[in-house]
Structures are given as C-alpha cells and as structure tokens.
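Colleague: Dropping in work33.txt, which is compact mmCIF, C-alpha atoms:
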# COMPACT_ATOMS: atom_id res chain seq x y z
CA MET G 1 -7.19 40.49 29.49
CA LYS G 2 -7.66 37.08 31.06
CA ARG G 3 -11.39 37.72 31.40
CA MET G 4 -11.55 38.67 27.72
CA MET G 5 -9.77 35.49 26.68
CA VAL G 6 -12.09 33.30 28.73
CA ALA G 7 -15.11 35.19 27.40
CA ALA G 8 -13.83 34.65 23.88
CA GLY G 9 -13.40 30.97 24.65
CA LEU G 10 -16.96 30.69 25.90
CA ALA G 11 -18.29 32.59 22.89
CA LEU G 12 -16.42 30.30 20.55
CA ALA G 13 -17.60 27.31 22.53
CA THR G 14 -21.18 28.43 21.97
CA LEU G 15 -20.52 28.59 18.26
CA ALA G 16 -19.05 25.10 18.42
CA VAL G 17 -22.05 23.44 20.04
CA PRO G 18 -23.89 22.71 16.78
CA ALA G 19 -20.84 20.77 15.64
CA LEU G 20 -21.43 17.97 18.13
CA PRO G 21 -21.46 14.58 16.43
CA VAL G 22 -24.79 13.10 15.49
CA ALA G 23 -25.50 10.16 17.80
CA ALA G 24 -26.52 6.81 16.38
CA GLN G 25 -29.98 7.00 14.93
CA GLU G 26 -32.28 5.52 12.35
CA VAL G 27 -33.15 7.68 9.37
CA ALA G 28 -36.27 6.02 8.00
CA ARG G 29 -39.05 3.61 8.88
CA VAL G 30 -42.00 2.05 7.02
CA ARG G 31 -45.12 0.91 8.85
CA ASP G 32 -45.85 -2.79 8.38
CA GLY G 33 -48.49 -3.67 5.81
CA VAL G 34 -48.16 -0.56 3.68
CA THR G 35 -48.83 -1.14 0.02
CA ILE G 36 -48.04 1.49 -2.57
CA THR G 37 -48.81 0.31 -6.08
CA PRO G 38 -47.61 2.52 -8.92
CA GLY G 39 -50.45 3.17 -11.34
CA GLN G 40 -53.08 2.58 -8.66
CA THR G 41 -52.15 4.39 -5.46
CA ARG G 42 -53.04 8.09 -5.45
CA ILE G 43 -50.80 10.40 -3.46
CA MET G 44 -51.67 13.96 -2.54
CA ILE G 45 -48.65 16.26 -2.52
CA MET G 46 -49.07 18.65 0.40
CA GLN G 47 -47.45 22.04 -0.03
CA PRO G 48 -44.02 21.52 1.55
CA ASN G 49 -42.88 23.57 4.53
CA ILE G 50 -39.75 25.19 3.12
CA LYS G 51 -37.59 27.72 4.92
CA VAL G 52 -34.37 29.05 3.43
CA GLY G 53 -32.19 31.76 4.87
CA SER G 54 -28.83 32.56 6.30
CA MET G 55 -27.21 31.83 9.63
CA SER G 56 -25.65 34.75 11.45
CA THR G 57 -22.27 34.54 13.15
CA GLY G 58 -24.04 33.85 16.43
CA GLY G 59 -26.15 31.09 14.92
CA LEU G 60 -29.46 32.95 14.44
CA PHE G 61 -31.64 32.05 11.45
CA GLU G 62 -32.47 34.95 9.13
CA PRO G 63 -35.14 34.01 6.54
CA ASN G 64 -34.61 34.95 2.88
CA ALA G 65 -37.88 35.27 0.92
CA GLU G 66 -36.23 35.09 -2.50
CA TRP G 67 -34.25 31.93 -1.71
CA THR G 68 -37.35 30.36 -0.16
CA ALA G 69 -39.48 31.10 -3.23
CA THR G 70 -36.81 29.66 -5.53
CA ALA G 71 -36.41 26.54 -3.41
CA ARG G 72 -40.17 26.03 -3.23
CA LYS G 73 -40.47 26.15 -7.00
CA LEU G 74 -37.50 23.85 -7.63
CA ILE G 75 -38.41 21.30 -4.95
CA ASP G 76 -42.05 21.16 -6.01
CA ALA G 77 -41.06 20.47 -9.64
CA GLN G 78 -38.56 17.80 -8.61
CA VAL G 79 -40.96 15.98 -6.31
CA ARG G 80 -43.54 15.74 -9.05
CA GLN G 81 -40.98 14.67 -11.64
CA GLN G 82 -39.33 12.01 -9.49
CA LEU G 83 -42.58 10.45 -8.22
CA ALA G 84 -44.34 10.62 -11.59
CA GLY G 85 -41.28 8.90 -13.03
CA GLN G 86 -42.06 5.96 -10.75
CA GLY G 87 -45.63 5.72 -12.02
CA ILE G 88 -47.18 7.26 -8.90
CA THR G 89 -50.50 8.99 -9.49
CA LEU G 90 -50.20 12.48 -8.04
CA VAL G 91 -53.06 14.54 -6.65
CA ALA G 92 -52.69 18.24 -5.86
CA GLN G 93 -53.47 19.62 -2.44
CA PRO G 94 -56.80 21.50 -2.62
CA GLU G 95 -56.43 25.20 -3.26
CA ILE G 96 -56.81 27.26 -0.12
CA ALA G 97 -58.88 30.34 -0.82
CA ALA G 98 -57.27 33.67 -0.06
CA GLY G 99 -58.29 34.82 3.39
CA SER G 100 -59.00 31.31 4.66
CA ASP G 101 -55.40 30.15 5.01
CA GLY G 102 -55.20 30.93 8.74
CA PRO G 103 -54.30 28.44 11.46
CA GLN G 104 -57.91 27.19 11.68
CA ASN G 105 -57.89 25.94 8.11
CA PRO G 106 -57.90 22.11 8.34
CA VAL G 107 -55.26 21.69 5.62
CA GLN G 108 -53.01 24.18 7.40
CA GLN G 109 -53.63 22.43 10.72
CA TYR G 110 -52.36 19.10 9.38
CA ARG G 111 -49.45 20.81 7.66
CA ALA G 112 -48.57 22.32 11.05
CA LEU G 113 -49.03 19.05 12.95
CA PHE G 114 -46.81 16.99 10.63
CA PRO G 115 -43.48 18.57 11.72
CA VAL G 116 -44.44 18.04 15.36
CA VAL G 117 -45.19 14.35 14.78
CA ALA G 118 -42.00 14.00 12.73
CA LYS G 119 -40.03 15.63 15.54
CA ALA G 120 -41.46 13.13 18.03
CA VAL G 121 -40.50 10.22 15.76
CA MET G 122 -36.97 11.53 15.27
CA GLU G 123 -36.44 12.25 18.96
CA PHE G 124 -38.25 9.35 20.59
CA GLN G 125 -38.01 6.53 18.04
CA PHE G 126 -35.20 7.15 15.55
CA PHE G 127 -32.75 8.48 18.17
CA LEU G 128 -31.73 5.19 19.72
CA GLY G 129 -30.42 6.67 22.96
CA ASN G 130 -33.77 8.31 23.72
CA ARG G 131 -36.22 5.75 22.31
CA LEU G 132 -39.37 5.34 24.37
CA PRO G 133 -39.86 1.89 25.92
CA THR G 134 -43.25 1.53 24.19
CA LYS G 135 -41.60 2.29 20.84
CA LYS G 136 -38.76 -0.22 21.28
CA ARG G 137 -40.74 -3.35 20.53
CA PRO G 138 -39.93 -5.11 17.26
CA GLY G 139 -41.95 -3.87 14.31
CA VAL G 140 -43.49 -0.96 16.22
CA PHE G 141 -43.88 2.20 14.17
CA ASP G 142 -47.03 3.69 15.61
CA TYR G 143 -47.46 7.39 14.98
CA THR G 144 -50.47 9.18 13.56
CA LEU G 145 -51.90 12.54 12.59
CA GLY G 146 -55.30 11.24 13.70
CA SER G 147 -58.20 9.68 11.82
CA GLY G 148 -59.82 13.10 11.50
CA ILE G 149 -57.60 13.66 8.48
CA ALA G 150 -60.12 11.59 6.48
CA SER G 151 -62.43 14.60 6.55
CA MET G 152 -59.75 17.07 5.44
CA PRO G 153 -60.76 18.70 2.15
CA GLY G 154 -59.51 16.58 -0.75
CA ALA G 155 -58.70 13.55 1.42
CA GLN G 156 -61.29 11.42 -0.36
CA ASP G 157 -59.50 12.00 -3.67
CA ALA G 158 -56.26 10.28 -2.63
CA ASP G 159 -54.97 7.32 -0.63
CA TYR G 160 -51.98 8.96 1.01
CA ALA G 161 -50.67 12.46 1.60
CA LEU G 162 -46.99 13.31 1.22
CA PHE G 163 -45.74 15.92 3.70
CA MET G 164 -42.29 17.48 3.45
CA PHE G 165 -40.25 19.87 5.54
CA THR G 166 -36.92 21.45 4.73
CA GLU G 167 -34.99 24.15 6.51
CA ASP G 168 -31.71 25.49 5.18
CA ALA G 169 -29.58 28.15 6.82
CA TYR G 170 -26.51 29.07 4.83
CA GLY G 171 -23.64 30.50 6.81
CA SER G 172 -23.17 34.27 6.55
CA ALA G 173 -19.77 35.74 5.72
CA GLY G 174 -19.25 36.39 9.44
CA ARG G 175 -20.04 32.82 10.35
CA LYS G 176 -17.69 31.49 7.69
CA ALA G 177 -14.94 33.72 9.13
CA ALA G 178 -15.69 32.37 12.62
CA GLN G 179 -15.52 28.86 11.21
CA LEU G 180 -12.01 29.47 9.85
CA LEU G 181 -10.93 31.19 13.08
CA MET G 182 -12.13 28.30 15.24
CA ALA G 183 -10.50 25.72 13.01
CA GLY G 184 -7.24 27.68 12.84
CA LEU G 185 -6.94 28.65 16.51
CA PHE G 186 -8.45 25.71 18.33
CA GLY G 187 -8.85 22.95 15.77
CA VAL G 188 -12.58 22.93 16.53
CA ALA G 189 -15.11 22.66 13.73
CA ILE G 190 -18.28 24.72 13.82
CA ALA G 191 -21.24 23.96 11.62
CA PRO G 192 -21.23 26.25 8.58
CA GLY G 193 -25.02 26.14 8.43
CA VAL G 194 -28.08 24.00 9.03
CA HIS G 195 -29.65 21.72 6.43
CA VAL G 196 -32.58 19.75 7.77
CA GLY G 197 -35.23 17.89 5.84
CA TYR G 198 -37.72 15.08 6.17
CA ALA G 199 -40.62 13.60 4.28
CA GLY G 200 -43.53 11.52 5.49
CA LEU G 201 -46.43 9.63 4.01
CA VAL G 202 -49.77 9.62 5.82
CA ASP G 203 -52.70 7.26 5.24
CA LEU G 204 -55.64 9.50 4.41
CA LYS G 205 -58.17 7.05 5.86
CA THR G 206 -56.54 6.33 9.22
CA GLY G 207 -54.14 9.25 9.66
CA ASP G 208 -51.33 6.80 10.37
CA LEU G 209 -47.82 7.83 9.47
CA VAL G 210 -46.78 4.95 7.22
CA TRP G 211 -43.32 6.17 6.20
CA LEU G 212 -40.90 8.77 7.46
CA ASN G 213 -37.50 9.58 5.98
CA ALA G 214 -35.40 11.96 8.06
CA ASP G 215 -31.77 11.78 7.08
CA PRO G 216 -30.11 14.33 9.38
CA GLU G 217 -27.38 15.05 6.85
CA MET G 218 -29.26 16.68 4.00
CA GLY G 219 -27.23 17.78 0.99
CA GLY G 220 -27.92 19.79 -2.12
CA ASP G 221 -28.18 23.55 -2.40
CA VAL G 222 -31.94 24.04 -2.66
CA ARG G 223 -31.44 27.43 -4.32
CA GLU G 224 -30.14 25.73 -7.47
CA THR G 225 -31.63 23.14 -9.80
CA ASP G 226 -28.90 20.53 -9.34
CA GLY G 227 -29.04 20.95 -5.59
CA ALA G 228 -32.81 20.57 -5.56
CA VAL G 229 -32.50 17.36 -7.58
CA LYS G 230 -30.15 15.97 -4.93
CA ARG G 231 -32.24 17.20 -1.99
CA VAL G 232 -35.46 15.73 -3.32
CA GLY G 233 -33.58 12.53 -4.11
CA GLN G 234 -32.60 12.31 -0.45
CA LEU G 235 -36.08 13.22 0.79
CA LEU G 236 -37.74 10.56 -1.37
CA ALA G 237 -35.06 7.88 -0.93
CA ASN G 238 -36.60 4.43 -0.50
CA PHE G 239 -40.11 5.82 -0.98
CA PRO G 240 -42.39 2.78 -0.47
CA GLY G 241 -43.36 0.96 -3.65
CA THR G 242 -40.75 2.72 -5.79
CA LYS G 243 -37.15 2.18 -6.81
CA LEU G 244 -36.07 5.62 -5.62
CA THR G 245 -32.76 5.48 -3.79
CA ALA G 246 -30.59 8.06 -2.13
CA PRO G 247 -28.31 9.91 -4.55
CA ALA G 248 -24.64 8.93 -4.38
CA PRO G 249 -22.62 11.21 -2.10
CA ALA G 250 -20.49 13.78 -3.86
CA PRO G 251 -16.85 12.69 -4.23
CA LYS G 252 -14.61 14.17 -1.54
CA LYS G 253 -12.25 16.82 -2.82
CA MET I 254 -0.92 33.66 26.33
CA LYS I 255 -0.63 29.89 26.01
CA ARG I 256 -2.38 29.51 29.38
CA HIS I 257 -5.21 31.76 28.23
CA ILE I 258 -5.72 29.73 25.10
CA LEU I 259 -5.78 26.57 27.22
CA ILE I 260 -8.47 28.15 29.45
CA ALA I 261 -10.48 29.13 26.40
CA ALA I 262 -10.12 25.67 24.88
CA ALA I 263 -11.13 24.06 28.18
CA ALA I 264 -14.15 26.35 28.33
CA ALA I 265 -15.06 25.31 24.81
CA THR I 266 -14.82 21.64 25.77
CA LEU I 267 -16.83 22.20 28.92
CA VAL I 268 -19.61 24.07 27.15
CA ALA I 269 -19.75 21.63 24.28
CA GLY I 270 -20.09 18.76 26.72
CA ALA I 271 -22.36 20.57 29.16
CA THR I 272 -25.58 18.90 28.05
CA PRO I 273 -26.56 16.80 31.06
CA ALA I 274 -26.82 13.09 30.46
CA ALA I 275 -30.47 12.41 31.17
CA ALA I 276 -31.46 9.17 32.83
CA ALA I 277 -32.99 6.53 30.58
CA ASN I 278 -36.67 6.61 29.75
CA ARG I 279 -38.65 3.99 31.70
CA LEU I 280 -41.83 2.04 31.06
CA ILE I 281 -44.80 2.75 33.33
CA VAL I 282 -46.90 -0.40 33.55
CA PRO I 283 -50.66 -0.22 34.09
CA ASN I 284 -52.41 -0.91 37.39
CA VAL I 285 -49.34 -0.51 39.59
CA ALA I 286 -49.11 2.41 42.01
CA VAL I 287 -45.86 4.36 41.64
CA ALA I 288 -44.32 7.34 43.42
CA VAL I 289 -43.76 10.29 41.09
CA ALA I 290 -41.69 13.47 40.93
CA LYS I 291 -39.23 12.30 43.59
CA SER I 292 -42.02 12.82 46.09
CA PRO I 293 -44.46 10.78 48.17
CA MET I 294 -47.26 11.43 45.63
CA MET I 295 -48.55 8.08 44.34
CA VAL I 296 -50.46 7.51 41.10
CA GLN I 297 -51.63 4.54 39.07
CA ALA I 298 -51.97 4.37 35.27
CA ASP I 299 -54.64 2.54 33.30
CA ARG I 300 -52.37 1.93 30.31
CA GLU I 301 -48.70 1.94 29.44
CA TRP I 302 -46.90 5.28 29.56
CA ASN I 303 -43.26 6.25 29.29
CA ARG I 304 -41.48 8.17 32.03
CA LEU I 305 -38.91 10.51 30.52
CA GLY I 306 -35.43 10.58 31.97
CA ALA I 307 -35.33 14.36 31.48
CA ARG I 308 -37.20 16.21 34.26
CA PRO I 309 -38.66 19.73 34.07
CA GLY I 310 -37.43 20.44 37.62
CA PRO I 311 -35.92 18.76 40.68
CA LEU I 312 -39.33 17.76 42.10
CA ALA I 313 -41.05 17.16 38.78
CA GLU I 314 -41.45 14.32 36.31
CA THR I 315 -42.86 13.90 32.80
CA TRP I 316 -44.73 10.95 31.32
CA THR I 317 -45.58 10.65 27.64
CA LEU I 318 -47.29 8.27 25.25
CA ASP I 319 -45.59 9.25 21.99
CA GLY I 320 -43.07 11.96 22.85
CA ASP I 321 -43.40 15.11 24.93
CA VAL I 322 -44.21 17.29 21.93
CA LEU I 323 -47.31 15.16 21.26
CA ASN I 324 -48.53 14.40 24.77
CA ARG I 325 -47.06 15.09 28.17
CA LEU I 326 -48.29 14.45 31.67
CA ASP I 327 -46.29 16.48 34.19
CA PHE I 328 -46.20 15.84 37.92
CA TYR I 329 -45.00 18.46 40.42
CA GLY I 330 -44.48 16.85 43.81
CA GLY I 331 -44.72 19.29 46.68
CA LEU I 332 -42.87 22.39 45.47
CA LEU I 333 -41.76 24.62 48.30
CA ALA I 334 -42.33 28.34 48.78
CA GLY I 335 -39.60 30.37 47.10
CA THR I 336 -39.05 27.83 44.32
CA THR I 337 -40.27 27.99 40.71
CA LEU I 338 -42.43 25.69 38.63
CA PHE I 339 -39.64 25.13 36.08
CA ARG I 340 -35.92 25.67 36.00
CA GLU I 341 -35.11 29.31 35.29
CA VAL I 342 -34.60 30.06 31.61
CA ASP I 343 -33.35 33.67 31.96
CA ARG I 344 -33.14 34.54 35.66
CA ARG I 345 -31.73 38.02 35.13
CA ASN I 346 -34.12 39.35 32.48
CA ARG I 347 -37.20 37.16 32.79
CA PRO I 348 -37.27 35.48 36.19
CA LEU I 349 -39.96 32.89 36.77
CA PRO I 350 -42.58 33.67 39.45
CA LYS I 351 -41.87 32.09 42.83
CA LEU I 352 -44.31 30.03 44.85
CA ARG I 353 -45.67 31.38 48.11
CA ALA I 354 -46.74 29.18 51.00
CA ASP I 355 -49.94 31.20 51.45
CA MET I 356 -51.09 30.79 47.87
CA LEU I 357 -54.77 30.04 47.43
CA PRO I 358 -55.91 27.42 44.92
CA THR I 359 -57.17 30.23 42.71
CA ASP I 360 -53.65 31.72 42.61
CA ILE I 361 -52.25 28.57 41.00
CA PRO I 362 -53.56 29.10 37.43
CA THR I 363 -52.04 32.60 37.43
CA LEU I 364 -48.65 31.29 38.54
CA PHE I 365 -48.91 28.52 35.94
CA GLU I 366 -49.74 31.01 33.16
CA GLN I 367 -46.93 33.41 34.10
CA SER I 368 -44.45 30.52 34.25
CA TYR I 369 -45.50 29.18 30.85
CA ARG I 370 -45.38 32.58 29.18
CA ILE I 371 -41.75 32.90 30.25
CA ALA I 372 -40.57 29.30 29.90
CA GLN I 373 -42.26 28.76 26.51
CA ASN I 374 -41.48 32.32 25.41
CA THR I 375 -45.02 32.79 24.14
CA SER I 376 -47.65 35.49 24.48
CA LEU I 377 -50.28 33.13 23.09
CA PHE I 378 -51.35 31.48 26.36
CA THR I 379 -54.83 31.57 27.86
CA ILE I 380 -56.46 30.02 30.90
CA ASP I 381 -59.77 28.82 29.48
CA SER I 382 -61.59 27.64 32.61
CA VAL I 383 -61.09 27.38 36.37
CA ALA I 384 -63.21 25.26 38.75
CA PRO I 385 -62.94 23.79 42.25
CA ALA I 386 -61.55 20.25 42.36
CA THR I 387 -59.67 17.86 44.61
CA LEU I 388 -56.25 16.33 44.13
CA GLY I 389 -55.48 13.28 46.26
CA GLY I 390 -58.23 14.25 48.69
CA ALA I 391 -57.02 17.85 49.09
CA ASN I 392 -59.15 20.79 48.05
CA GLY I 393 -57.73 22.50 45.04
CA VAL I 394 -58.44 23.68 41.53
CA ARG I 395 -58.91 22.27 38.05
CA PHE I 396 -58.09 24.53 35.14
CA THR I 397 -57.83 24.23 31.39
CA TYR I 398 -55.52 26.20 29.16
CA SER I 399 -54.32 26.57 25.60
CA PHE I 400 -51.19 27.97 24.05
CA VAL I 401 -49.04 28.13 20.92
CA ARG I 402 -45.28 27.79 21.12
CA GLN I 403 -43.32 30.58 19.53
CA ASP I 404 -41.70 28.38 16.87
CA GLU I 405 -44.82 26.41 15.88
CA ASP I 406 -48.31 26.92 14.43
CA VAL I 407 -49.89 24.14 16.49
CA THR I 408 -52.41 25.00 19.21
CA ARG I 409 -51.93 22.93 22.34
CA LYS I 410 -54.64 22.29 24.93
CA GLY I 411 -53.99 21.48 28.55
CA GLU I 412 -55.81 20.47 31.71
CA ALA I 413 -54.37 20.57 35.22
CA VAL I 414 -55.44 19.79 38.76
CA ALA I 415 -53.53 21.30 41.66
CA ALA I 416 -53.69 21.82 45.42
CA MET I 417 -51.68 23.51 48.15
CA VAL I 418 -51.04 21.15 51.07
CA GLY I 419 -48.87 22.15 54.00
CA GLY I 420 -47.62 25.18 52.08
CA LYS I 421 -46.42 23.01 49.18
CA LEU I 422 -47.74 22.89 45.61
CA TRP I 423 -48.90 19.57 44.19
CA LEU I 424 -49.91 19.65 40.55
CA ILE I 425 -50.55 17.30 37.64
CA SER I 426 -51.03 18.67 34.12
CA PHE I 427 -51.70 17.07 30.76
CA GLU I 428 -51.17 18.86 27.47
CA ALA I 429 -51.14 17.91 23.80
CA PRO I 430 -51.83 19.36 20.36
CA ALA I 431 -55.54 20.21 20.11
CA LEU I 432 -55.71 18.34 16.83
CA HIS I 433 -56.21 14.63 17.69
CA TYR I 434 -53.67 14.27 20.48
CA PHE I 435 -55.48 16.04 23.34
CA ASP I 436 -58.67 14.02 22.90
CA ALA I 437 -56.66 10.82 22.42
CA GLY I 438 -54.83 11.17 25.72
CA ILE I 439 -57.02 13.10 28.14
CA ALA I 440 -59.10 10.13 29.37
CA SER I 441 -56.04 8.23 30.60
CA ALA I 442 -54.59 11.42 32.06
CA ARG I 443 -57.79 12.06 34.03
CA THR I 444 -57.73 8.47 35.34
CA ILE I 445 -54.17 8.98 36.56
CA ILE I 446 -55.03 12.34 38.14
CA ALA I 447 -58.02 10.77 39.91
CA SER I 448 -55.77 8.01 41.30
CA ALA I 449 -53.35 10.47 42.95
CA LYS I 450 -52.66 10.03 46.65
CA LEU I 451 -50.89 12.75 48.62
CA PRO I 452 -49.05 12.21 51.90
CA GLY I 453 -51.23 12.73 54.96
CA LYS I 454 -54.44 12.64 52.92
Please express what this file holds, its structure, as structure tokens.

Modeller:
Amino acid sequence: MKRMMVAAGLALATLAVPALPVAAQEVARVRDGVTITPGQTRIMIMQPNIKVGSMSTGGLFEPNAEWTATARKLIDAQVRQQLAGQGITLVAQPEIAAGSDGPQNPVQQYRALFPVVAKAVMEFQFFLGNRLPTKKRPGVFDYTLGSGIASMPGAQDADYALFMFTEDAYGSAGRKAAQLLMAGLFGVAIAPGVHVGYAGLVDLKTGDLVWLNADPEMGGDVRETDGAVKRVGQLLANFPGTKLTAPAPAPKK
Amino acid sequence: MKRHILIAAAAATLVAGATPAAAANRLIVPNVAVAVAKSPMMVQADREWNRLGARPGPLAETWTLDGDVLNRLDFYGGLLAGTTLFREVDRRNRPLPKLRADMLPTDIPTLFEQSYRIAQNTSLFTIDSVAPATLGGANGVRFTYSFVRQDEDVTRKGEAVAAMVGGKLWLISFEAPALHYFDAGIASARTIIASAKLPGK
C-alpha cells in the first residue's frame, strides 16, 4: 500500500512538473536600425508552423488534423488582416509545387530553421538566468538565418519574411480530471495544456533576425475566430513600424 | 494515511525541484589556453565562445557561439573504460554503449554513432567520412557525420577528432545545422581542435 501511495505521488509529481513557474525572461527584442515603413516595406508571410492537438493525462501531445486545419485558416486570415490594417504591403510565400515540398526545398529548410533559431534566442538570450555572456552586452541582438536566404525563391520580391510558430495542446478529459485531483488532494496545480507561440521577422537580404516576439503565455483558442484574433494579436504585438499592441488580458472571473 | 500523503507530497516537491541548478555560462576569451572538460586537455580559441554551465557528462564540456541548438563544440576529456559518452537516458531499455580501453581509433565513430542514436532518439544518423588524424599529438581519427533530431526537420552536420591515449577517450566534436550554421562555425572549431594539447603528449 505504501509503495502504491509513493508511486502515486511520483506520478502526480511528474504531472506537476509543467506547472513550474516561468522564470524571469524577456518576451521580445528588435534589432537596432530596423526600419519598417508602412506603404513601402514589403513583407513575405511564410506559411506558419501550426500544430494543434490534445494533451493526454500523462502529458503526451496528440495531433488533431481538423483543429490544425481550422487554426491554420483562421490564423492566416488574421495575420493578413491585422498587418494590412497597418498599411504593410504583404507578399505571399512562393507556391511549393506538389512533390517538391520535401526537406531539401529551400523554403522548407528556412521554415524548419526558424524555430531552432527562435529556440536559441528564447533559451540563451531572453531567459535571463541562462543568457550567454556574448549576448549580454547592451544592444546585442545578433541572430541570423544566414545570408543564403537572399537566394530563397521569392526573396527578391520582399524586404522581410515573417515566420510564425504556434503549438497548442488542449487538455484531454483525463488530464482535466488529474488537474482537479491534484488541486483537491495536494493543492498542486498542473498545467491544463500547452500554448506556445512566437513570431519573427527576418531581413531577406542579410538573413538577420530583426524582431522576435515570444510571449510564453499565449492566450486565445486558435480553433475559434475570437481566439485566433487574440492569438494573432499577441503574436504581432509591437510589430516594428506598426501600432499593433498586445490585446488586453481577459478579465478574471 | 496522513503519513502516506505526506510522502507523496514530498515526492512531488522533490521531483518538481529535481532539475539540477546548472553553473553559470562563462565567456571564453580568445588567445588564452584553457583546460576543458574537467581534464588536463588544454585548448585555445581564436574568437569568443561561451562555455555552458550544463555539461553533457562528468568529464565533458560544451562551448557555443549562439546556443547549443545552433552550434556546439563538445569536449570529452579522457573518458575511462566502462563509462559512456553521455549520461544514460534509459539505462534499462536502451543502455548507451560503454567504452573499452582496447578500442582502436576506428572503433570511435561506431561508438559515437550508437551513442547518438540512443541519446538523440533518432534513426537518422550517418557517419559520412572517416580518416586518420591526430588530436593533441596522439594518433586518432577524424570523422564527419550528419543527423536529424526526432522532433525537428533540420539536418545537422558534425565533425569530430578523437584519440585513445592510455586507455582513455579524448574527443572534440563540432555540430550545427547544415544550413548556414555549420559553415559559419567550423573554421573556428577546427582552430580550437588543432590547438588541443593532451597530457603526456
């Protein structure tokens, strides 16, 4: 019996790990000297990396194709609407022909590299406790996707490329039950799901990352129109050269 | 019952707080010889690097320019027979291969590949070339490799130089995404590898 209780404690502890508090960190940075001029600057909207699914009781991500398709459609429409509303000239990512969308496709390669660069920025620059010494100096925001991006198809038709990544895992019924059990028995909160998102702007001549916005507390249910409006508002908050700001937090009930 | 709940709650607290507090990241200044990987191996950089507080193993150390997911230079300082390249990730089901004191230089790429396949949980790993080389004056091997992590679509390239000296493994490897980052960092990595000095050599 004792062994079972301890095992249950450890299992619940594992569930509780994602609920650790977020340590102090920056959420956005703009590279010095960046000029975005509405009406002049052309921005290519890269197809966002969007993953939507559910989170099992044990914390595993289970993708949901229908939710992902809905979120992709809603987020894409919102991004275009919100940026166009600021006078930004939008350029579509070049179509990728069927059969040539594998990992060797240059557009796909840069879409794959962006989350890795963003992860490095979040972990080694934004996260103050782990910032690299070479990234601590005042004014330093020095990350790149490489100057080779200038030869990516379509790069000559725009000044910057906007990359976005969102991942949403909504808690399953079992996880919600575990959440209530943990709160009731031990007073410990477990994360009901995961909602991660970030957006970055890349100079299409130099490859330099000129802006990254990575608020770790993303809101908005991306499966619904209102939620997508909020999510995109957060992703594009303080977009350089615009008056876009983060949406007001929902009133606490 | 109350005692059991206390044990469970204590376990929860312990597990939640079990993430080790890594030492701070440190600046590596150019043109100064430094000992690496808690070992007598000395190297000298030609530019600024960052030494990560988090280590891949007890006798290992990682340097990076922009973050370990974008470029990492790993030093393994005299690993003993019976130990593993990395810390075990799943000892019971997928144990890492153990070093042997009688390993030949040509055995090192195989051990490296097997360790990566397990530690990175990927089947997409290949050794692309193997050639004789020296590390710190000791005869050894230079090999190149490429792999894709399970949760990413980015191909990473790597290059390593290693030698067995006195039954111990000494190894330095550099790896980065093939797109931009490998070419941007490999020259400095090779300079550092060429500067390595091993004890007794």

Colleague: Of the candidates I:Asn284, I:Glu341, I:Thr336, I:Gly330, which shows the shortest atom-to-atom distance to I:Gln297, using all atoms listed in the file?

Modeller: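 Using all atoms listed in the file, the shortest distance to I:Gln297 belongs to I:Asn284.
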
Colleague: One number please: atom CA of I:Met294 to atom CA of I:Ile371, in Å, one decimal.

Modeller: 27.0 Å

Colleague: Quick one: distance from atom CA of G:Thr245 to atom CA of G:Asn213 in Å, one decimal?

Modeller: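 Computing it gives 11.6 Å between the two atoms.
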
Colleague: For the atom pair atom CA of G:Thr166 and atom CA of G:Pro133, what is the interatomic distance in Å to one decimal place?

Modeller: 29.0 Å

Colleague: So that I can check the surroundings of G:Phe124, please list as a list in words every protein, DNA and RNA residue that reaches within 8 Å of it, counting only C-alpha atoms and ignoring chain neighbours fewer than 5 positions away.

Modeller: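 Once the nearby chain positions are removed, what remains is Asn130, Arg131, Leu132 and Lys135 of chain G; Asp319 and Gly320 of chain I.
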
Colleague: Between G:Ser151, G:Ser56, G:Gln40, G:Gln125, single out the one closest to chain I, counting only C-alpha atoms.

Modeller: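 Once distances to chain I are computed over only C-alpha atoms, the minimum belongs to G:Gln125.
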
Colleague: Residues at most 9 Å from G:Pro216, counting only C-alpha atoms, excluding those fewer than 4 positions away in the same chain, as a compact mmCIF listing (two decimals) with C-alpha atoms, in the frame of the given file?

Modeller:
# COMPACT_ATOMS: atom_id res chain seq x y z
CA VAL G 22 -24.79 13.10 15.49
CA VAL G 27 -33.15 7.68 9.37
CA HIS G 195 -29.65 21.72 6.43
CA VAL G 196 -32.58 19.75 7.77
CA GLY G 197 -35.23 17.89 5.84
CA TYR G 198 -37.72 15.08 6.17

Colleague: Around the point (-55.1, 21.7, 36.4), in the coordinates given by the file, pick out the residues reaching within 9 Å, counting all atoms listed in the file, and return them as a VMD selection string.

Modeller: chain I and resid 361 to 362 383 386 394 to 398 411 to 415 424 to 427

Colleague: Closest to chain G among I:Ile445, I:Ala431, I:Leu377, I:Leu338, using all atoms listed in the file?

Modeller: I:Ala431

Colleague: Pick out the residues sitting within 6 Å of I:Leu305, and hand them over as a list in words; count all atoms listed in the file, and ignore anything fewer than 2 positions along from it in its own chain.

Modeller: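 Here the answer would be Asn278, Ala307, Thr315 and Trp316 of chain I.
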
Colleague: Padding 6 Å on every side, please: axis-aligned box over the listed atoms of stretch 421-429 of chain I, centre and edge lengths to one decimal in Å, as lines of an AutoDock Vina configuration file.

Modeller:
center_x = -49.1
center_y = 20.0
center_z = 36.5
size_x = 17.3
size_y = 17.9
size_z = 37.4

Colleague: Calculated over all atoms listed in the file, which of the candidates G:Arg31, G:Arg80, G:Lys51, G:Arg111 has the smallest distance to chain I?

Modeller: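 Among the listed residues, G:Arg111 lies closest to chain I.
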
Colleague: Between I:Ala354, I:Met417, I:Val289, I:Ala429, single out the one closest to chain G, counting only C-alpha atoms.

Modeller: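 Looking at the shortest contact to chain G, the residue is I:Ala429.
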
Colleague: Calculated over only C-alpha atoms, which of the candidates G:Thr68, G:Gln234, G:Thr206, G:Gln25 has the smallest distance to chain I?

Modeller: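 Looking at the shortest contact to chain I, the residue is G:Thr206.
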
Colleague: May I have the protein, DNA and RNA residues with any atom at most 9 Å from the point (-35.7, 24.1, 32.6), counting all atoms listed in the file, written as a tab-separated table (two decimals) with C-alpha atoms, in the coordinates of the input?

Modeller:
chain	number	residue	atom	x	y	z
I	308	ARG	CA	-37.20	16.21	34.26
I	309	PRO	CA	-38.66	19.73	34.07
I	310	GLY	CA	-37.43	20.44	37.62
I	339	PHE	CA	-39.64	25.13	36.08
I	340	ARG	CA	-35.92	25.67	36.00
I	341	GLU	CA	-35.11	29.31	35.29
I	342	VAL	CA	-34.60	30.06	31.61
I	372	ALA	CA	-40.57	29.30	29.90
